[in-house]
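Engineer: Before I ask anything, let me first share the structure, which is written out below as structure tokens.
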Amino acid sequence: MRYYGNAMSQLKTRPRRTVDDYLKLPEGTRAELIEGEILMTPSPKLSHQVVSRNLFVHLDSFVRTRGLGEALYAPMDVHLPSGDIVQPDVLFVATANAGIMQDWIRGAPDLLVEILSPEGVERDRMVKRDLYARNGVKEYWLVDPEARSVEVLGLNASGRYEPSGYFEERDTVVSPLLAGLSLPVAKLFQ
């Protein structure tokens with residue numbers, strides 16, 4: 001048996017990246033700062049952008065006509081209370097929470113939406129889900145273009161997400177957060 005001595009203590013770890021590091025990136029860089037790592041992402045494909053547009057147009061119309069708040073779309077930096085910075089595909093900030101809308105979003109939006117792409121499924125389904133829950137985002141949607149579905153997660157009293165609904169192409173999305181919203185899933189993928 002070989003003895004490696006102090007080899008483990010000599011392993012170098014990458015330094016944690018900070019908000020200052022993130023802000024030094026060139027404007028328009030598609031990146032997020034999650035748990036001290038700057039994570040780069042390629043620009044979305046056309047199908048992703050079509051779903052994003054369709055979702056935003058419907059959500060924006062719903063919240064504006066009712067005076068509920070503001071719907072926004074990527075790229076938009078969201079500076080979460082934890083110090084992480086994300087760029088969700090679509091987001092909603094309720095009128096009562098409007099103080100977080102500054103130069104960027106500085107706080108926890110009421111709703112964040114991620115449109116899944118093959119490269120980012122694990123990040124969206126696990127890492128971001130936990131991150132958004134820890135930061136108090138009330139509702140989180142995962143739109144899956146491959147399955148043509150929308151999964152709605154709601155934050156419970158213990159600060160964890162629980163399923164609020166799973167909607168397939170023939171269904172209509174309803175949201176506990178946005179009472180009265182009726183979004184046919186099929187319209188997202190047209």
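Chain labels follow the order of the structure tokens: the first chain is A, the next B, and so on; residue numbering restarts at 1 in every chain, and ligands are counted from 1 in their shown order.
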Name all residues at most 10 Å from Glu146 (chain A) (count only C-alpha atoms; drop same-chain ones fewer than 3 positions away) and give them as JSON, numbers by chain.

Structural biologist: {"A": [116, 117, 118, 143, 149]}

Engineer: Pull the closest atom pair for each residue of region 133-163 of chain A that gets at most 10 Å from region 82-105 of chain A, along with the distance in Å to one decimal, counting only C-alpha atoms, ordering rows by chain and then ascending residue number, as JSON lines.

Structural biologist:
{"residue": "A:Arg134", "atom": "CA", "partner": "A:Ser82", "partner_atom": "CA", "distance": 8.2}
{"residue": "A:Asn135", "atom": "CA", "partner": "A:Ser82", "partner_atom": "CA", "distance": 6.6}
{"residue": "A:Glu139", "atom": "CA", "partner": "A:Phe92", "partner_atom": "CA", "distance": 9.6}
{"residue": "A:Tyr140", "atom": "CA", "partner": "A:Leu91", "partner_atom": "CA", "distance": 9.3}
{"residue": "A:Trp141", "atom": "CA", "partner": "A:Val90", "partner_atom": "CA", "distance": 9.4}
{"residue": "A:Val143", "atom": "CA", "partner": "A:Asp89", "partner_atom": "CA", "distance": 10.0}

Engineer: For the residues selected in the previous step, produce a file with all heavy atoms as a tab-separated table (two decimals), in the first residue's frame.

Structural biologist:
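Generated output (selection.tsv):
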chain	number	residue	atom	x	y	z
A	134	ARG	N	-35.16	28.20	-1.23
A	134	ARG	CA	-34.40	28.82	-0.13
A	134	ARG	C	-34.54	30.34	-0.11
A	134	ARG	O	-34.46	30.96	0.94
A	134	ARG	CB	-32.91	28.49	-0.25
A	134	ARG	CG	-32.50	27.19	0.32
A	134	ARG	CD	-30.98	27.06	0.52
A	134	ARG	NE	-30.16	27.56	-0.56
A	134	ARG	CZ	-29.75	26.87	-1.61
A	134	ARG	NH1	-30.12	25.61	-1.76
A	134	ARG	NH2	-28.98	27.41	-2.53
A	135	ASN	N	-34.75	30.92	-1.26
A	135	ASN	CA	-34.85	32.37	-1.36
A	135	ASN	C	-36.29	32.89	-1.28
A	135	ASN	O	-36.52	34.09	-1.39
A	135	ASN	CB	-34.17	32.86	-2.64
A	135	ASN	CG	-32.66	32.91	-2.47
A	135	ASN	OD1	-32.12	33.87	-1.94
A	135	ASN	ND2	-31.97	31.86	-2.90
A	139	GLU	N	-43.66	30.70	-6.31
A	139	GLU	CA	-44.08	29.71	-7.29
A	139	GLU	C	-43.00	29.55	-8.35
A	139	GLU	O	-42.37	30.52	-8.76
A	139	GLU	CB	-45.41	30.15	-7.93
A	139	GLU	CG	-46.17	29.01	-8.57
A	139	GLU	CD	-47.62	29.39	-8.87
A	139	GLU	OE1	-48.44	29.36	-7.93
A	139	GLU	OE2	-47.90	29.75	-10.03
A	140	TYR	N	-42.80	28.31	-8.78
A	140	TYR	CA	-41.77	27.97	-9.76
A	140	TYR	C	-42.39	27.08	-10.82
A	140	TYR	O	-43.00	26.06	-10.48
A	140	TYR	CB	-40.61	27.27	-9.05
A	140	TYR	CG	-39.45	26.87	-9.93
A	140	TYR	CD1	-39.02	27.65	-11.00
A	140	TYR	CD2	-38.77	25.69	-9.68
A	140	TYR	CE1	-37.95	27.26	-11.79
A	140	TYR	CE2	-37.68	25.29	-10.46
A	140	TYR	CZ	-37.28	26.09	-11.52
A	140	TYR	OH	-36.21	25.70	-12.29
A	141	TRP	N	-42.26	27.48	-12.08
A	141	TRP	CA	-42.78	26.68	-13.18
A	141	TRP	C	-41.62	26.10	-13.97
A	141	TRP	O	-40.64	26.80	-14.27
A	141	TRP	CB	-43.60	27.52	-14.15
A	141	TRP	CG	-44.88	28.08	-13.63
A	141	TRP	CD1	-45.33	28.10	-12.34
A	141	TRP	CD2	-45.86	28.75	-14.41
A	141	TRP	NE1	-46.54	28.73	-12.27
A	141	TRP	CE2	-46.89	29.15	-13.54
A	141	TRP	CE3	-45.98	29.06	-15.75
A	141	TRP	CZ2	-48.03	29.82	-13.97
A	141	TRP	CZ3	-47.11	29.73	-16.20
A	141	TRP	CH2	-48.12	30.11	-15.31
A	143	VAL	N	-41.21	24.47	-17.63
A	143	VAL	CA	-41.85	24.23	-18.91
A	143	VAL	C	-40.96	23.27	-19.68
A	143	VAL	O	-39.78	23.55	-19.90
A	143	VAL	CB	-42.06	25.55	-19.70
A	143	VAL	CG1	-42.71	25.27	-21.05
A	143	VAL	CG2	-42.90	26.53	-18.88

Engineer: With DSSP run on the backbone, what are the strand (DSSP E or B) residues within region 15-170 of chain A? I'd like them as an mmCIF file with N, CA and C atoms, in the first residue's frame.

Structural biologist:
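For reference, out_12.cif as written:
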data_model
loop_
_atom_site.group_PDB
_atom_site.id
_atom_site.type_symbol
_atom_site.label_atom_id
_atom_site.label_comp_id
_atom_site.auth_asym_id
_atom_site.auth_seq_id
_atom_site.Cartn_x
_atom_site.Cartn_y
_atom_site.Cartn_z
ATOM 1 N N ALA A 31 -24.936 34.201 -18.386
ATOM 2 C CA ALA A 31 -24.289 33.525 -17.260
ATOM 3 C C ALA A 31 -25.124 33.730 -16.010
ATOM 4 N N GLU A 32 -24.893 32.860 -15.035
ATOM 5 C CA GLU A 32 -25.533 32.967 -13.734
ATOM 6 C C GLU A 32 -24.474 32.718 -12.673
ATOM 7 N N LEU A 33 -24.677 33.296 -11.504
ATOM 8 C CA LEU A 33 -23.800 33.075 -10.358
ATOM 9 C C LEU A 33 -24.593 32.241 -9.354
ATOM 10 N N ILE A 34 -24.227 30.961 -9.251
ATOM 11 C CA ILE A 34 -24.954 30.050 -8.365
ATOM 12 C C ILE A 34 -23.956 29.366 -7.448
ATOM 13 N N GLU A 37 -20.231 29.813 -8.167
ATOM 14 C CA GLU A 37 -19.751 29.411 -9.496
ATOM 15 C C GLU A 37 -20.429 30.269 -10.555
ATOM 16 N N ILE A 38 -19.651 30.733 -11.520
ATOM 17 C CA ILE A 38 -20.249 31.411 -12.671
ATOM 18 C C ILE A 38 -20.506 30.338 -13.717
ATOM 19 N N LEU A 39 -21.767 30.173 -14.060
ATOM 20 C CA LEU A 39 -22.201 29.140 -14.999
ATOM 21 C C LEU A 39 -22.644 29.798 -16.297
ATOM 22 N N MET A 40 -21.949 29.479 -17.368
ATOM 23 C CA MET A 40 -22.250 30.046 -18.680
ATOM 24 C C MET A 40 -23.290 29.166 -19.373
ATOM 25 N N GLY A 69 -49.176 43.320 -11.265
ATOM 26 C CA GLY A 69 -47.732 43.492 -11.150
ATOM 27 C C GLY A 69 -47.082 43.526 -12.502
ATOM 28 N N GLU A 70 -45.862 43.030 -12.553
ATOM 29 C CA GLU A 70 -45.042 43.128 -13.760
ATOM 30 C C GLU A 70 -44.503 41.761 -14.167
ATOM 31 N N ALA A 71 -44.670 41.410 -15.441
ATOM 32 C CA ALA A 71 -44.059 40.212 -16.013
ATOM 33 C C ALA A 71 -42.856 40.669 -16.830
ATOM 34 N N LEU A 72 -41.762 39.940 -16.735
ATOM 35 C CA LEU A 72 -40.531 40.269 -17.465
ATOM 36 C C LEU A 72 -39.955 38.992 -18.056
ATOM 37 N N TYR A 73 -39.010 39.137 -18.980
ATOM 38 C CA TYR A 73 -38.413 37.978 -19.632
ATOM 39 C C TYR A 73 -36.904 38.146 -19.752
ATOM 40 N N VAL A 78 -31.587 38.518 -11.857
ATOM 41 C CA VAL A 78 -32.329 38.475 -10.604
ATOM 42 C C VAL A 78 -31.304 38.220 -9.509
ATOM 43 N N HIS A 79 -31.078 39.236 -8.668
ATOM 44 C CA HIS A 79 -30.143 39.140 -7.543
ATOM 45 C C HIS A 79 -30.935 38.640 -6.338
ATOM 46 N N ILE A 85 -27.118 35.018 -8.456
ATOM 47 C CA ILE A 85 -27.715 35.797 -9.547
ATOM 48 C C ILE A 85 -28.145 34.815 -10.628
ATOM 49 N N VAL A 86 -29.416 34.881 -10.995
ATOM 50 C CA VAL A 86 -29.961 33.983 -12.013
ATOM 51 C C VAL A 86 -30.609 34.801 -13.125
ATOM 52 N N VAL A 90 -38.711 33.618 -17.696
ATOM 53 C CA VAL A 90 -39.835 34.539 -17.482
ATOM 54 C C VAL A 90 -39.989 34.693 -15.981
ATOM 55 N N LEU A 91 -40.421 35.894 -15.555
ATOM 56 C CA LEU A 91 -40.653 36.104 -14.130
ATOM 57 C C LEU A 91 -41.819 37.052 -13.918
ATOM 58 N N PHE A 92 -42.358 36.995 -12.721
ATOM 59 C CA PHE A 92 -43.458 37.877 -12.334
ATOM 60 C C PHE A 92 -43.166 38.438 -10.954
ATOM 61 N N VAL A 93 -43.355 39.763 -10.830
ATOM 62 C CA VAL A 93 -43.230 40.450 -9.546
ATOM 63 C C VAL A 93 -44.577 41.102 -9.253
ATOM 64 N N ALA A 94 -45.191 40.721 -8.147
ATOM 65 C CA ALA A 94 -46.484 41.277 -7.751
ATOM 66 C C ALA A 94 -46.331 42.738 -7.341
ATOM 67 N N MET A 101 -37.891 45.753 -7.836
ATOM 68 C CA MET A 101 -37.577 46.113 -9.219
ATOM 69 C C MET A 101 -36.773 47.403 -9.207
ATOM 70 N N ILE A 105 -33.566 43.013 -10.816
ATOM 71 C CA ILE A 105 -34.458 42.529 -9.761
ATOM 72 C C ILE A 105 -33.568 42.230 -8.565
ATOM 73 N N ARG A 106 -33.872 42.832 -7.446
ATOM 74 C CA ARG A 106 -33.056 42.665 -6.232
ATOM 75 C C ARG A 106 -33.932 42.132 -5.115
ATOM 76 N N LEU A 111 -42.876 34.738 -8.928
ATOM 77 C CA LEU A 111 -42.925 33.587 -9.824
ATOM 78 C C LEU A 111 -41.689 33.597 -10.712
ATOM 79 N N LEU A 112 -41.044 32.449 -10.833
ATOM 80 C CA LEU A 112 -39.946 32.271 -11.778
ATOM 81 C C LEU A 112 -40.283 31.092 -12.668
ATOM 82 N N VAL A 113 -39.960 31.228 -13.964
ATOM 83 C CA VAL A 113 -40.229 30.180 -14.940
ATOM 84 C C VAL A 113 -38.936 29.827 -15.655
ATOM 85 N N GLU A 114 -38.657 28.539 -15.735
ATOM 86 C CA GLU A 114 -37.531 28.040 -16.519
ATOM 87 C C GLU A 114 -38.081 27.129 -17.608
ATOM 88 N N ILE A 115 -37.605 27.350 -18.827
ATOM 89 C CA ILE A 115 -37.940 26.490 -19.953
ATOM 90 C C ILE A 115 -36.783 25.517 -20.093
ATOM 91 N N GLU A 139 -43.656 30.700 -6.311
ATOM 92 C CA GLU A 139 -44.082 29.711 -7.286
ATOM 93 C C GLU A 139 -43.003 29.547 -8.353
ATOM 94 N N TYR A 140 -42.797 28.309 -8.783
ATOM 95 C CA TYR A 140 -41.773 27.975 -9.764
ATOM 96 C C TYR A 140 -42.391 27.076 -10.817
ATOM 97 N N TRP A 141 -42.259 27.480 -12.084
ATOM 98 C CA TRP A 141 -42.777 26.681 -13.185
ATOM 99 C C TRP A 141 -41.618 26.100 -13.974
ATOM 100 N N LEU A 142 -41.761 24.852 -14.363
ATOM 101 C CA LEU A 142 -40.828 24.181 -15.265
ATOM 102 C C LEU A 142 -41.593 23.829 -16.537
ATOM 103 N N VAL A 143 -41.209 24.470 -17.629
ATOM 104 C CA VAL A 143 -41.852 24.226 -18.912
ATOM 105 C C VAL A 143 -40.956 23.268 -19.685
ATOM 106 N N ASP A 144 -41.516 22.150 -20.092
ATOM 107 C CA ASP A 144 -40.750 21.113 -20.775
ATOM 108 C C ASP A 144 -41.200 21.015 -22.235
ATOM 109 N N SER A 149 -45.211 20.089 -21.657
ATOM 110 C CA SER A 149 -45.889 20.128 -20.364
ATOM 111 C C SER A 149 -45.392 21.297 -19.526
ATOM 112 N N VAL A 150 -46.163 21.597 -18.482
ATOM 113 C CA VAL A 150 -45.801 22.625 -17.510
ATOM 114 C C VAL A 150 -46.022 22.036 -16.124
ATOM 115 N N GLU A 151 -44.978 22.119 -15.307
ATOM 116 C CA GLU A 151 -45.059 21.664 -13.923
ATOM 117 C C GLU A 151 -45.058 22.913 -13.046
ATOM 118 N N VAL A 152 -46.039 23.029 -12.163
ATOM 119 C CA VAL A 152 -46.151 24.171 -11.264
ATOM 120 C C VAL A 152 -45.843 23.703 -9.849
ATOM 121 N N LEU A 153 -44.881 24.378 -9.219
ATOM 122 C CA LEU A 153 -44.494 24.074 -7.842
ATOM 123 C C LEU A 153 -44.802 25.282 -6.971
ATOM 124 N N GLY A 154 -45.380 25.035 -5.814
ATOM 125 C CA GLY A 154 -45.699 26.102 -4.874
ATOM 126 C C GLY A 154 -44.913 25.943 -3.588
ATOM 127 N N LEU A 155 -44.487 27.065 -3.031
ATOM 128 C CA LEU A 155 -43.710 27.060 -1.794
ATOM 129 C C LEU A 155 -44.644 26.799 -0.615
ATOM 130 N N TYR A 161 -40.735 23.339 -1.999
ATOM 131 C CA TYR A 161 -41.729 23.270 -3.068
ATOM 132 C C TYR A 161 -42.486 21.957 -3.006
ATOM 133 N N GLU A 162 -43.768 22.081 -3.293
ATOM 134 C CA GLU A 162 -44.594 20.899 -3.450
ATOM 135 C C GLU A 162 -45.381 21.071 -4.741
ATOM 136 N N PRO A 163 -45.742 19.978 -5.385
ATOM 137 C CA PRO A 163 -46.458 20.071 -6.657
ATOM 138 C C PRO A 163 -47.807 20.774 -6.496
ATOM 139 N N SER A 164 -48.061 21.722 -7.388
ATOM 140 C CA SER A 164 -49.365 22.391 -7.435
ATOM 141 C C SER A 164 -50.137 21.970 -8.672
ATOM 142 N N GLY A 165 -49.436 21.345 -9.612
ATOM 143 C CA GLY A 165 -50.102 20.855 -10.820
ATOM 144 C C GLY A 165 -49.106 20.459 -11.882
ATOM 145 N N TYR A 166 -49.505 19.475 -12.660
ATOM 146 C CA TYR A 166 -48.729 19.043 -13.813
ATOM 147 C C TYR A 166 -49.689 19.069 -14.988
ATOM 148 N N PHE A 167 -49.346 19.884 -15.994
ATOM 149 C CA PHE A 167 -50.268 20.138 -17.084
ATOM 150 C C PHE A 167 -49.650 19.718 -18.408
ATOM 151 N N GLU A 168 -50.386 18.875 -19.132
ATOM 152 C CA GLU A 168 -49.933 18.396 -20.432
ATOM 153 C C GLU A 168 -50.594 19.214 -21.530
#

Engineer: Given the choices A:Met126, A:Phe62, A:Ala147, A:Gly67, which gets closest to Gly180 (chain A) if the distance is worked out from only C-alpha atoms?

Structural biologist: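 Of the candidates, the smallest distance to Gly180 (chain A) is held by A:Phe62.
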
Engineer: Between A:Arg30, A:Arg66, A:His58, A:Lys128, single out the one closest to Pro42 (chain A), counting only C-alpha atoms.

Structural biologist: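 Distance minimum relative to Pro42 (chain A) lands on A:Arg30.
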
Engineer: Quote the spacing between CA of Lys138 (chain A) and CA of Asp171 (chain A) in Å to one decimal place.

Structural biologist: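 Value for the CA of Lys138 (chain A)-CA of Asp171 (chain A) distance: 22.4 Å.
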
Engineer: Using only C-alpha atoms, which of A:Thr29, A:Val174, A:Glu35, A:Lys24 sits nearest Val127 (chain A)?

Structural biologist: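 Comparing A:Thr29, A:Val174, A:Glu35, A:Lys24 against Val127 (chain A), the winner is A:Glu35.
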
Engineer: Just to confirm, what's the straight-line distance from CA of Val57 (chain A) to CA of Leu188 (chain A) in Å (one decimal)?

Structural biologist: 9.9 Å

Engineer: Could you write out, as a VMD selection string, all the residues of chain A that DSSP marks as alpha helix (DSSP H)?

Structural biologist: chain A and resid 7 to 10 19 to 23 46 to 65 121 to 122 129 to 134 185 to 188

Engineer: Restricted to N, CA and C atoms, what would the selected residues look like written as a short mmCIF file (atom, residue, chain, number, x, y, z; two decimals), in the first residue's frame?

Structural biologist:
data_model
loop_
_atom_site.label_atom_id
_atom_site.label_comp_id
_atom_site.auth_asym_id
_atom_site.auth_seq_id
_atom_site.Cartn_x
_atom_site.Cartn_y
_atom_site.Cartn_z
N ALA A 7 -1.14 14.59 0.47
CA ALA A 7 -1.64 14.91 -0.87
C ALA A 7 -3.03 15.54 -0.84
N MET A 8 -3.90 15.07 0.02
CA MET A 8 -5.26 15.62 0.06
C MET A 8 -5.25 17.07 0.49
N SER A 9 -4.39 17.44 1.38
CA SER A 9 -4.37 18.84 1.82
C SER A 9 -3.76 19.74 0.75
N GLN A 10 -3.09 19.15 -0.23
CA GLN A 10 -2.47 19.95 -1.29
C GLN A 10 -3.41 20.18 -2.47
N VAL A 19 -20.28 38.43 -6.54
CA VAL A 19 -21.10 39.33 -7.35
C VAL A 19 -20.20 40.27 -8.14
N ASP A 20 -19.13 40.77 -7.53
CA ASP A 20 -18.19 41.64 -8.26
C ASP A 20 -17.60 40.93 -9.47
N ASP A 21 -17.23 39.66 -9.33
CA ASP A 21 -16.73 38.89 -10.47
C ASP A 21 -17.78 38.81 -11.57
N TYR A 22 -19.01 38.55 -11.17
CA TYR A 22 -20.11 38.43 -12.12
C TYR A 22 -20.32 39.74 -12.86
N LEU A 23 -20.30 40.84 -12.13
CA LEU A 23 -20.56 42.15 -12.73
C LEU A 23 -19.45 42.59 -13.68
N LEU A 46 -34.32 28.35 -31.22
CA LEU A 46 -35.54 28.99 -31.70
C LEU A 46 -36.78 28.46 -30.98
N SER A 47 -36.90 27.13 -30.84
CA SER A 47 -38.09 26.56 -30.19
C SER A 47 -38.25 27.07 -28.76
N HIS A 48 -37.13 27.23 -28.07
CA HIS A 48 -37.14 27.77 -26.70
C HIS A 48 -37.67 29.20 -26.71
N GLN A 49 -37.21 29.99 -27.66
CA GLN A 49 -37.62 31.39 -27.73
C GLN A 49 -39.10 31.53 -28.08
N VAL A 50 -39.61 30.64 -28.92
CA VAL A 50 -41.03 30.67 -29.26
C VAL A 50 -41.87 30.40 -28.02
N VAL A 51 -41.49 29.38 -27.25
CA VAL A 51 -42.22 29.06 -26.01
C VAL A 51 -42.13 30.23 -25.04
N SER A 52 -40.94 30.80 -24.91
CA SER A 52 -40.74 31.94 -24.00
C SER A 52 -41.63 33.12 -24.39
N ARG A 53 -41.64 33.43 -25.67
CA ARG A 53 -42.48 34.54 -26.15
C ARG A 53 -43.95 34.26 -25.87
N ASN A 54 -44.42 33.07 -26.24
CA ASN A 54 -45.84 32.75 -26.05
C ASN A 54 -46.24 32.82 -24.59
N LEU A 55 -45.40 32.30 -23.73
CA LEU A 55 -45.68 32.34 -22.29
C LEU A 55 -45.69 33.78 -21.78
N PHE A 56 -44.68 34.55 -22.15
CA PHE A 56 -44.60 35.93 -21.69
C PHE A 56 -45.81 36.74 -22.15
N VAL A 57 -46.17 36.63 -23.43
CA VAL A 57 -47.28 37.42 -23.96
C VAL A 57 -48.56 37.12 -23.18
N HIS A 58 -48.83 35.84 -22.92
CA HIS A 58 -50.04 35.47 -22.19
C HIS A 58 -49.99 35.96 -20.74
N LEU A 59 -48.86 35.71 -20.08
CA LEU A 59 -48.72 36.11 -18.68
C LEU A 59 -48.77 37.62 -18.53
N ASP A 60 -48.07 38.33 -19.40
CA ASP A 60 -48.04 39.79 -19.34
C ASP A 60 -49.44 40.38 -19.52
N SER A 61 -50.18 39.87 -20.48
CA SER A 61 -51.54 40.34 -20.71
C SER A 61 -52.42 40.10 -19.48
N PHE A 62 -52.29 38.91 -18.88
CA PHE A 62 -53.09 38.58 -17.71
C PHE A 62 -52.78 39.52 -16.54
N VAL A 63 -51.51 39.73 -16.21
CA VAL A 63 -51.18 40.53 -15.02
C VAL A 63 -51.40 42.02 -15.26
N ARG A 64 -51.17 42.51 -16.48
CA ARG A 64 -51.35 43.94 -16.76
C ARG A 64 -52.82 44.34 -16.72
N THR A 65 -53.69 43.55 -17.35
CA THR A 65 -55.11 43.91 -17.39
C THR A 65 -55.74 43.88 -15.99
N VAL A 121 -31.33 20.60 -17.78
CA VAL A 121 -32.41 19.95 -17.03
C VAL A 121 -32.05 19.77 -15.56
N GLU A 122 -30.88 19.24 -15.28
CA GLU A 122 -30.49 18.99 -13.89
C GLU A 122 -30.42 20.30 -13.11
N ARG A 129 -34.37 24.71 -8.39
CA ARG A 129 -35.55 24.46 -7.55
C ARG A 129 -35.21 24.69 -6.08
N ASP A 130 -34.11 24.13 -5.62
CA ASP A 130 -33.72 24.29 -4.22
C ASP A 130 -33.30 25.74 -3.92
N LEU A 131 -32.59 26.34 -4.86
CA LEU A 131 -32.16 27.73 -4.69
C LEU A 131 -33.35 28.68 -4.60
N TYR A 132 -34.31 28.52 -5.48
CA TYR A 132 -35.48 29.39 -5.48
C TYR A 132 -36.32 29.19 -4.20
N ALA A 133 -36.44 27.97 -3.76
CA ALA A 133 -37.18 27.71 -2.52
C ALA A 133 -36.48 28.38 -1.34
N ARG A 134 -35.16 28.20 -1.23
CA ARG A 134 -34.40 28.82 -0.13
C ARG A 134 -34.54 30.34 -0.11
N VAL A 185 -51.98 24.91 -22.40
CA VAL A 185 -50.61 24.49 -22.62
C VAL A 185 -50.27 24.45 -24.11
N ALA A 186 -51.21 23.99 -24.93
CA ALA A 186 -50.96 23.88 -26.37
C ALA A 186 -50.54 25.23 -26.98
N LYS A 187 -51.06 26.34 -26.45
CA LYS A 187 -50.72 27.67 -26.99
C LYS A 187 -49.25 28.01 -26.79
N LEU A 188 -48.61 27.40 -25.80
CA LEU A 188 -47.19 27.68 -25.57
C LEU A 188 -46.33 27.14 -26.69
#
